[in-house]
Amino acid sequence: MNVVKGALIDADYETVDSRAFLRLFVKDVRGRSLVIYDDSFLPYFYVLPEGEPERLAESIRRELGDSIRGVVRCTMRVMGRETEVLLIQAHHPRDVRTLRERLRVFPGVRSVHEHDILFARRYLIDRRLRPLSLLEMEVEERDGRVFLRGFREAAGGVPELKVAAVDIEVYNPKMAPRSREDPVIMISLADSEGRERVFSWKDSGQEFVEVCESEGEMIERFVEFVRKQDYDVIAGYNTDSFDFPYLKERAKLLGVSLGLGRGGEEVEVGRQGMMPEARIRGRAHVDLYPIVRKHVRLNSYVLENVVEEVLGIEKEKIDGARLFEYWDSGGERLEALMRYSLEDARVTLRLLEEFLPLYMELSTLVGQCLNDVSRMTSGQMVEWLLMRFASERGELIPNHPEGREYERRSRETYTGGYVREPRRGLVERVAVFDFRSLYPSIIVSHNIDPSTLMVGEACRESENRVPELDYCFSTERTGFIPEILRSLIERRAEVKRELGRAKEESLRRRLEVSQQALKILANSFYGYMGYPRARWYRRECAESVAAFARKYIREVMRIAEERFGLEVVYGDTDSLFVVIPEHREGVVEEFLRCVNESMPGMIELEFEGFYRRALFVTKKRYALLTQSGKIVVKGLEFVRRDWAPIARETQREVLRILLEEGDVEKAVRFVREVVERIRRGEVSMEEITIYTQLTKSIESYRSMEPHVVAAKRLRDRGMAVTPGMIIRYVITKGRESISKRAKPAEQVKLDEYDPNYYIENQILPAVQRIFEAIGYGADYLRAGIKQTSLRKWFN
DNA sequence: AAATGACGGGG
DNA sequence: GTGTACGTCATTT
């Protein structure tokens with residue numbers, strides 16, 4: 001028997017002689033990676049019987065016979081009540097699906113539970129195994145494999161992870177690269193030990209370039225490099241949706257392997273929901289794009305912008321449309337492209353370093369592998385945490401809602417957070433405060449949980465009634481959710497106390513990340529209970545939390561207004577926007593201290609930021625100008641490619657004029673000029689061309705949208721039209737539906753475009769709401785000089 | 001009014 | 001893979 005000290009990086013299973021062996025990918029404290037198997041875990045799920053459990057158990061055994069491994073009677077808590085259930089053991093994870101379908105309609109079965117928890121995830125939960133925590137594992141060797149016999153969590157730091165960031169460049173003479181035709185020209189890699197490589201099949205003479213014979217050889221050399229370096233984490237930017245799916249397509253076409261897995265497994269491009277996910281077995285593949293989107297509020301998430309905002313690094317951008325020219329022309333431009341490509345990998349590595357500690361901490365806390373946790377929303381993290389606690393306490397895990405139940409929940413509305421109608425228009429000097437942390441305190445102090453909820457009559461005597469609602473929560477027994485949440489809040493308080501004492505920088509960083517992770521989870525419980533897909537969804541609970549919160553939030557607003565004489569210009573659920581008059585900057589601190597002292601424990605009001613100017617349109621739609629001169633927009637954007645560039649540009653410029661210059665009249669003039677320009681035909685083809693992707697074959701469309709009609713016209717002229725193509729089209733003059741007037745950009749002359757469409761359906765919608773907030777209707781914007789006089793008479 | 005389909009990031 | 005995002009918007013039906 002041997003002992004391995006290390007941390008779990010990834011987990012999955014392998015089928016050996018039709019049995020499922022858990023595979024644990026472990027990094028030991030000496031930096032070696034190894035695979036540890038466990039063949040002692042079996043797939044299972046639960047059945048809730050309608051009547052007599054033993055009778056049901058017998059009939060299941062009789063009917064299903066050898067297709068199940070066994071039926072075991074056991075007791076679980078269901079909504080806090082001890083209940084007899086049957087545990088159905090399967091032979092193999094893949095059998096669970098058919099068994100579940102069978103048992104769902106089996107006489108005497110009320111419901112089937114815990115049937116959709118993936119095998120490796122279930123294993124981590126049941127064995128109380130936490131990824132990226134330090135473990136002492138007892139192992140033994142058998143048949144040439146290492147098996148886990150037992151483990152315990154040890155004190156001390158986790159071994160350092162070896163990380164690489166990757167990025168590919170693709171030849172794209174037709175703008176959008178087509179994986180069937182356009183080769184990958186470079187694969188760049190930067191790792192945590194300072195290695196920097198660009199694999200390519202042209203030689204630029206730069207020392208970091210590994211010159212390969214062909215595209216296929218380039219992919220093979222890259223794969224070989226990754227496997228030799230044996231990275232624990234592979235990071236990228238949008239690699240789930242672009243780099244790995246593209247590489248995989250190319251590899252397949254060229255007949256080479258993209259075997260980046262730790263056991264040489266191919267990269268698997270699967271699906272997490274609707275979104276593609278590239279899985280690299282044995283490692284964590286971390287796509288930073290969704291992560292950055294979760295943590296940083298930006299108008300644009302193009303890498304250059306993200307890197308500037310998050311890391312403060314100014315990075316050059318090579319125009320995607322021109323990229324292939326750099327490749328073709330060779331020489332200095334090829335060198336520039338190689339540098340650019342490597343720079344992308346480098347900054348991606350830096351981005352990863354920014355977020356990896358937090359996600360490692362979340363992975364351990366949530367108890368699921370880094371690869372998976374990096375793709376979870378905070379609500380999903382809460383759910384996995386709850387599932388783990390449920391398993392530890394013998395609580396039966398509720399099911400996800402099925403189709404109709406989900407529909408029903410989605411329609412269930414309730415009064416949410418308190419929203420203060422914004423003071424519409426431009427406002428100077430706005431401070432934003434955040435009270436998200438109020439919500440977890442409410443859940444804990446009022447014991448808000450599906451199992452403690454009482455409605456109506458039962459609440460008559462209760463001291464724990466919800467304001468404005470006919471609900472109350474029992475205080476006799478602590479609910480499952482408040483109990484877990486309390487432990488998170490207490491742990492966070494403890495970490496913060498330690499942080500107060502800690503001197504050493506690396507310890508401080510660890511504690512800071514730990515408190516941040518605990519905060520993210522704690523703050524997500526309220527949203528989780530009101531999330532229609534949640535296993536522990538309960539409208540009444542979310543509704544009650546919101547009702548309690550409204551009371552406290554109004555109180556905070558009253559303090560701002562009455563005690564400090566500050567104007568509250570907007571507030572939505574967990575935020576508060578306040579005007580800070582000139583020469584009263586100190587009031588921010590005073591206000592925070594006052595609020596945080598007057599409601600001890602409950603509210604931890606935080607200062608989110610100060611903005612030079614704000615434009616409020618309606619609730620949830622506003623734009624802010626930061627002190628550094630950045631414009632942050634919420635709920636107003638049309639920076640999408642299925643809008644004409646002229647509409648996007650006009651909106652951007654309007655917001656800029658309003659926020660930077662504060663000149664309403666100038667903004668109005670600007671829009672009118674654009675409108676006039678469109679009327680007079682003084683626009684370029686590029687400004688009015690709309691780009692929309694054809695996601696499937698023309699035949700499979702049920703409705704004839706503009707881009708589908710344009711695609712049809714392309715095909716009629718003998719062009720090859722394939723799914724995934726970006727259709728470029730212009731709306732032309734006429735009286736038919738918009739679609740019928742959509743023509744491919746290639747087939748249109750400039751004077752054919754329909755000014756009316758571009759004004760009414762593009763420019764005006766993009767700016768109308770903004771102007772309404774400052775008192776200008778669409779007519780005022782629409783009216784060019786000539787038309788103003790006409791309209792006056794005809795309206 | 002309901003259904004349908006597209007957006008994001010990547011090159 | 002014991003699986004199937006998300007929230008929002010325009011246009012068609």
# chains A, B, ... in the order shown; residues from 1 in each chain; ligands from 1

call {"tool": "interface_residues", "arguments": {"of": "chain B", "to": "chain A", "cutoff": "6 Å", "atoms": "only C-alpha atoms (C1' of nucleotides)", "output": "MDAnalysis selection string"}}
result
chainID B and resid 9:11

call {"tool": "select_by_dssp", "arguments": {"residues": "segment 189-434 of chain A", "states": "alpha helix (DSSP H)", "output": "PyMOL selection string"}}
result
chain A and resi 215-229+244-254+288-295+303-311+323-329+331-366+370-373+378-393+403-411

call {"tool": "write_last_selection", "arguments": {"atoms": "C-alpha atoms", "output": "CSV table (one decimal), in the first residue's frame"}}
result
chain,number,residue,atom,x,y,z
A,215,GLU,CA,-1.0,22.3,-41.4
A,216,GLY,CA,-1.4,18.6,-40.4
A,217,GLU,CA,2.1,18.4,-39.0
A,218,MET,CA,1.6,21.7,-37.2
A,219,ILE,CA,-1.4,20.2,-35.3
A,220,GLU,CA,0.5,17.1,-34.5
A,221,ARG,CA,3.6,19.0,-33.2
A,222,PHE,CA,1.3,21.1,-31.1
A,223,VAL,CA,-0.5,18.1,-29.6
A,224,GLU,CA,2.9,16.4,-29.0
A,225,PHE,CA,4.1,19.5,-27.2
A,226,VAL,CA,1.0,19.8,-24.9
A,227,ARG,CA,1.2,16.1,-24.0
A,228,LYS,CA,4.9,16.3,-23.3
A,229,GLN,CA,4.5,19.4,-21.1
A,244,PHE,CA,-11.1,23.8,-30.5
A,245,PRO,CA,-14.1,23.1,-32.7
A,246,TYR,CA,-12.2,24.6,-35.6
A,247,LEU,CA,-9.0,22.7,-34.9
A,248,LYS,CA,-11.0,19.5,-34.5
A,249,GLU,CA,-12.7,19.9,-37.9
A,250,ARG,CA,-9.3,20.6,-39.5
A,251,ALA,CA,-7.7,17.6,-37.8
A,252,LYS,CA,-10.5,15.4,-39.0
A,253,LEU,CA,-10.2,16.6,-42.5
A,254,LEU,CA,-6.4,16.2,-42.6
A,288,LEU,CA,-12.0,32.8,-20.3
A,289,TYR,CA,-14.6,34.4,-22.5
A,290,PRO,CA,-17.7,33.2,-20.4
A,291,ILE,CA,-15.7,33.8,-17.2
A,292,VAL,CA,-14.9,37.4,-18.1
A,293,ARG,CA,-18.5,38.0,-19.1
A,294,LYS,CA,-19.6,36.8,-15.6
A,295,HIS,CA,-17.2,39.0,-13.7
A,303,LEU,CA,-10.1,40.3,-26.3
A,304,GLU,CA,-8.3,43.7,-26.8
A,305,ASN,CA,-11.0,45.5,-24.9
A,306,VAL,CA,-11.1,42.9,-22.1
A,307,VAL,CA,-7.4,42.9,-21.7
A,308,GLU,CA,-7.3,46.7,-21.5
A,309,GLU,CA,-10.1,46.8,-18.9
A,310,VAL,CA,-9.0,43.9,-16.8
A,311,LEU,CA,-5.3,44.0,-17.0
A,323,LEU,CA,-5.5,38.8,-41.4
A,324,PHE,CA,-5.1,36.6,-44.4
A,325,GLU,CA,-3.2,39.4,-46.2
A,326,TYR,CA,-0.5,39.4,-43.5
A,327,TRP,CA,-0.1,35.7,-44.0
A,328,ASP,CA,0.1,36.0,-47.8
A,329,SER,CA,2.4,39.0,-48.0
A,331,GLY,CA,8.1,39.4,-44.6
A,332,GLU,CA,7.4,42.0,-42.0
A,333,ARG,CA,3.7,41.6,-42.0
A,334,LEU,CA,4.0,37.9,-41.4
A,335,GLU,CA,6.3,38.7,-38.5
A,336,ALA,CA,3.8,41.1,-37.2
A,337,LEU,CA,1.1,38.4,-37.4
A,338,MET,CA,3.2,35.9,-35.6
A,339,ARG,CA,3.9,38.4,-32.8
A,340,TYR,CA,0.2,39.3,-32.6
A,341,SER,CA,-0.7,35.6,-32.4
A,342,LEU,CA,1.8,35.0,-29.6
A,343,GLU,CA,0.6,38.1,-27.8
A,344,ASP,CA,-2.9,36.8,-27.8
A,345,ALA,CA,-1.7,33.7,-26.0
A,346,ARG,CA,0.3,35.7,-23.6
A,347,VAL,CA,-2.5,38.0,-22.6
A,348,THR,CA,-4.9,35.1,-22.3
A,349,LEU,CA,-2.4,33.5,-19.9
A,350,ARG,CA,-2.4,36.7,-17.9
A,351,LEU,CA,-6.2,36.7,-17.9
A,352,LEU,CA,-6.2,33.2,-16.6
A,353,GLU,CA,-3.8,34.1,-13.8
A,354,GLU,CA,-6.3,36.8,-12.9
A,355,PHE,CA,-9.2,34.3,-12.5
A,356,LEU,CA,-7.7,30.9,-11.8
A,357,PRO,CA,-7.2,31.3,-8.0
A,358,LEU,CA,-10.9,32.3,-7.6
A,359,TYR,CA,-12.0,29.4,-9.8
A,360,MET,CA,-9.8,26.9,-8.0
A,361,GLU,CA,-11.3,28.1,-4.7
A,362,LEU,CA,-14.8,27.8,-6.2
A,363,SER,CA,-14.0,24.3,-7.5
A,364,THR,CA,-13.0,23.1,-4.0
A,365,LEU,CA,-16.0,24.9,-2.3
A,366,VAL,CA,-18.6,23.6,-4.8
A,370,LEU,CA,-12.4,23.0,-12.3
A,371,ASN,CA,-13.3,22.2,-15.8
A,372,ASP,CA,-17.0,22.0,-14.9
A,373,VAL,CA,-17.1,24.8,-12.4
A,378,SER,CA,-23.3,31.1,-9.9
A,379,GLY,CA,-26.7,29.5,-9.6
A,380,GLN,CA,-25.4,26.2,-10.8
A,381,MET,CA,-22.6,26.4,-8.3
A,382,VAL,CA,-25.1,27.0,-5.5
A,383,GLU,CA,-27.0,23.9,-6.7
A,384,TRP,CA,-24.0,21.6,-6.7
A,385,LEU,CA,-23.2,22.9,-3.2
A,386,LEU,CA,-26.7,22.1,-2.1
A,387,MET,CA,-26.6,18.7,-3.6
A,388,ARG,CA,-23.5,17.9,-1.7
A,389,PHE,CA,-25.0,19.1,1.6
A,390,ALA,CA,-28.2,17.2,0.8
A,391,SER,CA,-26.2,14.0,0.3
A,392,GLU,CA,-24.4,14.5,3.6
A,393,ARG,CA,-27.6,15.0,5.4
A,403,GLY,CA,-40.8,20.9,-19.8
A,404,ARG,CA,-44.3,22.0,-18.6
A,405,GLU,CA,-43.3,22.5,-15.0
A,406,TYR,CA,-40.5,24.8,-16.2
A,407,GLU,CA,-43.0,26.7,-18.3
A,408,ARG,CA,-45.3,27.1,-15.3
A,409,ARG,CA,-42.5,28.4,-13.1
A,410,SER,CA,-41.3,30.8,-15.8
A,411,ARG,CA,-44.7,32.3,-15.9

call {"tool": "interface_residues", "arguments": {"of": "chain A", "to": "chain C", "cutoff": "9 Å", "atoms": "only C-alpha atoms (C1' of nucleotides)", "output": "JSON list (two decimals) with N, CA and C atoms, in the first residue's frame"}}
result
[["chain", "number", "residue", "atom", "x", "y", "z"],
["A", 43, "PRO", "N", -23.34, 3.07, -10.21],
["A", 43, "PRO", "CA", -24.39, 4.06, -10.50],
["A", 43, "PRO", "C", -25.70, 3.68, -9.81],
["A", 44, "TYR", "N", -26.45, 4.68, -9.39],
["A", 44, "TYR", "CA", -27.73, 4.41, -8.74],
["A", 44, "TYR", "C", -28.62, 5.64, -8.84],
["A", 45, "PHE", "N", -29.89, 5.43, -8.52],
["A", 45, "PHE", "CA", -30.82, 6.56, -8.36],
["A", 45, "PHE", "C", -31.94, 6.10, -7.43],
["A", 93, "PRO", "N", -23.37, 3.33, -15.86],
["A", 93, "PRO", "CA", -24.04, 4.64, -15.98],
["A", 93, "PRO", "C", -24.96, 4.75, -17.18],
["A", 94, "ARG", "N", -24.56, 4.13, -18.29],
["A", 94, "ARG", "CA", -25.39, 4.29, -19.49],
["A", 94, "ARG", "C", -26.74, 3.58, -19.37],
["A", 95, "ASP", "N", -26.88, 2.67, -18.42],
["A", 95, "ASP", "CA", -28.15, 1.96, -18.24],
["A", 95, "ASP", "C", -29.18, 2.80, -17.49],
["A", 96, "VAL", "N", -28.70, 3.81, -16.80],
["A", 96, "VAL", "CA", -29.59, 4.57, -15.92],
["A", 96, "VAL", "C", -30.74, 5.19, -16.70],
["A", 97, "ARG", "N", -30.42, 5.68, -17.88],
["A", 97, "ARG", "CA", -31.43, 6.35, -18.68],
["A", 97, "ARG", "C", -32.63, 5.45, -19.01],
["A", 114, "GLU", "N", -32.79, 11.82, -8.58],
["A", 114, "GLU", "CA", -31.32, 11.75, -8.67],
["A", 114, "GLU", "C", -30.87, 10.84, -9.81],
["A", 115, "HIS", "N", -31.60, 10.93, -10.92],
["A", 115, "HIS", "CA", -31.33, 10.05, -12.06],
["A", 115, "HIS", "C", -30.51, 10.75, -13.13],
["A", 116, "ASP", "N", -30.20, 12.03, -12.91],
["A", 116, "ASP", "CA", -29.52, 12.77, -13.97],
["A", 116, "ASP", "C", -28.23, 13.40, -13.47],
["A", 117, "ILE", "N", -27.64, 12.77, -12.47],
["A", 117, "ILE", "CA", -26.41, 13.32, -11.92],
["A", 117, "ILE", "C", -25.25, 12.50, -12.50],
["A", 118, "LEU", "N", -24.43, 13.17, -13.27],
["A", 118, "LEU", "CA", -23.38, 12.45, -13.98],
["A", 118, "LEU", "C", -22.50, 11.65, -13.03],
["A", 119, "PHE", "N", -22.09, 10.49, -13.52],
["A", 119, "PHE", "CA", -21.43, 9.49, -12.68],
["A", 119, "PHE", "C", -20.25, 10.04, -11.89],
["A", 122, "ARG", "N", -21.37, 12.54, -9.29],
["A", 122, "ARG", "CA", -22.02, 11.82, -8.21],
["A", 122, "ARG", "C", -20.97, 11.22, -7.28],
["A", 271, "ARG", "N", -21.72, 19.66, -25.98],
["A", 271, "ARG", "CA", -22.63, 20.76, -25.81],
["A", 271, "ARG", "C", -22.99, 20.89, -24.36],
["A", 272, "GLN", "N", -22.87, 22.10, -23.85],
["A", 272, "GLN", "CA", -23.40, 22.37, -22.52],
["A", 272, "GLN", "C", -24.58, 23.28, -22.73],
["A", 273, "GLY", "N", -25.75, 22.66, -22.76],
["A", 273, "GLY", "CA", -26.90, 23.42, -23.16],
["A", 273, "GLY", "C", -26.78, 23.66, -24.64],
["A", 274, "MET", "N", -26.96, 24.88, -25.05],
["A", 274, "MET", "CA", -26.89, 25.21, -26.47],
["A", 274, "MET", "C", -25.46, 25.54, -26.88],
["A", 275, "MET", "N", -24.63, 25.77, -25.88],
["A", 275, "MET", "CA", -23.28, 26.26, -26.13],
["A", 275, "MET", "C", -22.31, 25.11, -26.30],
["A", 703, "SER", "N", -39.76, 29.96, -40.97],
["A", 703, "SER", "CA", -40.21, 31.31, -41.34],
["A", 703, "SER", "C", -39.15, 31.95, -42.24],
["A", 704, "MET", "N", -39.64, 32.70, -43.19],
["A", 704, "MET", "CA", -38.78, 33.28, -44.22],
["A", 704, "MET", "C", -38.26, 34.63, -43.77],
["A", 705, "GLU", "N", -37.20, 34.59, -43.02],
["A", 705, "GLU", "CA", -36.63, 35.84, -42.55],
["A", 705, "GLU", "C", -35.75, 36.46, -43.63],
["A", 706, "PRO", "N", -35.42, 37.76, -43.47],
["A", 706, "PRO", "CA", -34.67, 38.45, -44.51],
["A", 706, "PRO", "C", -33.41, 37.70, -44.95],
["A", 738, "ILE", "N", -40.58, 43.01, -45.38],
["A", 738, "ILE", "CA", -39.15, 43.29, -45.29],
["A", 738, "ILE", "C", -38.35, 42.15, -45.93],
["A", 739, "SER", "N", -38.73, 40.93, -45.58],
["A", 739, "SER", "CA", -37.99, 39.77, -46.10],
["A", 739, "SER", "C", -37.93, 39.76, -47.63]]

call {"tool": "residues_around", "arguments": {"residues": "Ser598 of chain A", "least_positions_apart": "6", "cutoff": "12 Å", "atoms": "only C-alpha atoms (C1' of nucleotides)", "output": "number ranges by chain"}}
result
A: 552, 555-556, 559, 590-592, 604-605

call {"tool": "atom_distance", "arguments": {"atom1": "atom CA of Thr452 of chain A", "atom2": "atom CA of Ser111 of chain A"}}
result
22.5 Å

call {"tool": "select_by_dssp", "arguments": {"residues": "segment 372-497 of chain A", "states": "strand (DSSP E)", "output": "ChimeraX atom specification"}}
result
/A:419-420,425-434,453-455,471-473

call {"tool": "atom_distance", "arguments": {"atom1": "atom CA of Ala522 of chain A", "atom2": "atom CA of Pro422 of chain A"}}
result
28.4 Å

call {"tool": "atom_distance", "arguments": {"atom1": "atom CA of Glu676 of chain A", "atom2": "atom CA of Ala783 of chain A"}}
result
8.9 Å
